[in-house]
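> Questions regarding the structure given below will be posed in turn.
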Amino acid sequence: MKIKILIFLIDLFAKTWKFKITNKPSNFNSVIAFWHGKMLPVWFFFKQHNPLGIVSLSKDGEILSQLLNKWNYKLIRGSSSKGGKEVIENVVNANHFGPILITPDGPRGPKEEMKAGAIIISQRTSKPLILCGVEISKKILLKKSWDNFEIPLPFTKICINFSDEISFDKKLDYDEVNDLRLELSNKLKLLSKSLEN
């Protein structure tokens, strides 16, 4: 019952959020990557665009999956720590037309350190990767959570800053993917930082 009330409240809050979008992509048939702690506005923003979401098998992931079902998401469950290779295969085999959303530092962190999954999914699906920086004006900050999770308050202003499309050579080796992972982590941090006051 508590989970149902939480989902109801988040959905109610979300309908009042005021979005400001920077560098909005012309094509959402992409892999969209955003930090775990700032995820809620991005999930909500994409709900009308035939989205596919990757959600962990954790208890928190189960709550999120119920919310995303309400927001019309197709879901693939799993993470880098549990069934990572299987998740990537399932995403590729889904042959999905529309955005594929992923939190590349989830489900357990470290905070704002990108894992390789988003890059590999972009490679394997031939969809460009788009990074998504988020700044929430008024929020509840869960300081004790590993990601300092942010819950936007009703009627708050939310800025979303998209990167340009990023494409990858399918022949990249492990070291090249790892170097890109670090570079893109920094780029995503800057996308969010540029939105701060």
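Here's how to read the names in the structure tokens: chain A, B, ... by the order shown, residue numbers from 1 in each chain, ligand numbers from 1 in the order shown.
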Could you give me, as a list in words, the residues within 10 Å of stretch 139-149 of chain A, counting only C-alpha atoms and dropping anything in the same chain fewer than 5 positions from it?
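Answer for this query is Trp35, His36, Gly37, Lys38, Met39, Leu40, Asp105, Gly106, Pro107, Arg108, Gly109, Pro110, Lys111, Glu112, Pro154, Thr156, Lys157 and Ile158 of chain A.
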> Could you pull out the strand (DSSP E or B) residues of stretch 7-106 of chain A, going by DSSP on the backbone, and write them as a list in words?
Lys18, Phe19, Lys20, Ile21, Thr22, Val31, Ile32, Ala33, Leu52, Gly53, Ile54, Val55, Lys74, Leu75, Ile76, Arg77, Ile100, Leu101 and Ile102 of chain A
> What is the distance, in Å and to one decimal place, between atom CA of A:Ile54 and atom CA of A:Ile102?
5.6 Å
> With only C-alpha atoms as the atoms that count, which of A:Ile21, A:Ala118, A:Val134, A:Ile7 lies nearest to A:Ser65?
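Counting only C-alpha atoms, the residue closest to A:Ser65 is A:Ile7.
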> I want to know what sits within 9 Å of A:Ser58, based on only C-alpha atoms, with residues of the same chain fewer than 4 positions away left out; could you give that as a list in words?
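Skipping anything fewer than 4 positions along the chain leaves Glu62, Ile63, Gly78 and Pro107 of chain A.
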> Could you tell me how far atom CA of A:His96 sits from atom CA of A:Tyr73, in Å to one decimal place?
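Between atom CA of A:Tyr73 and atom CA of A:His96 the gap works out to 11.8 Å.
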> Restricting the calculation to only C-alpha atoms, which member of A:Val92, A:Ile32, A:Ile10, A:Ile136 is positioned closest to A:Phe46?
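Nearest to A:Phe46: A:Ile32.
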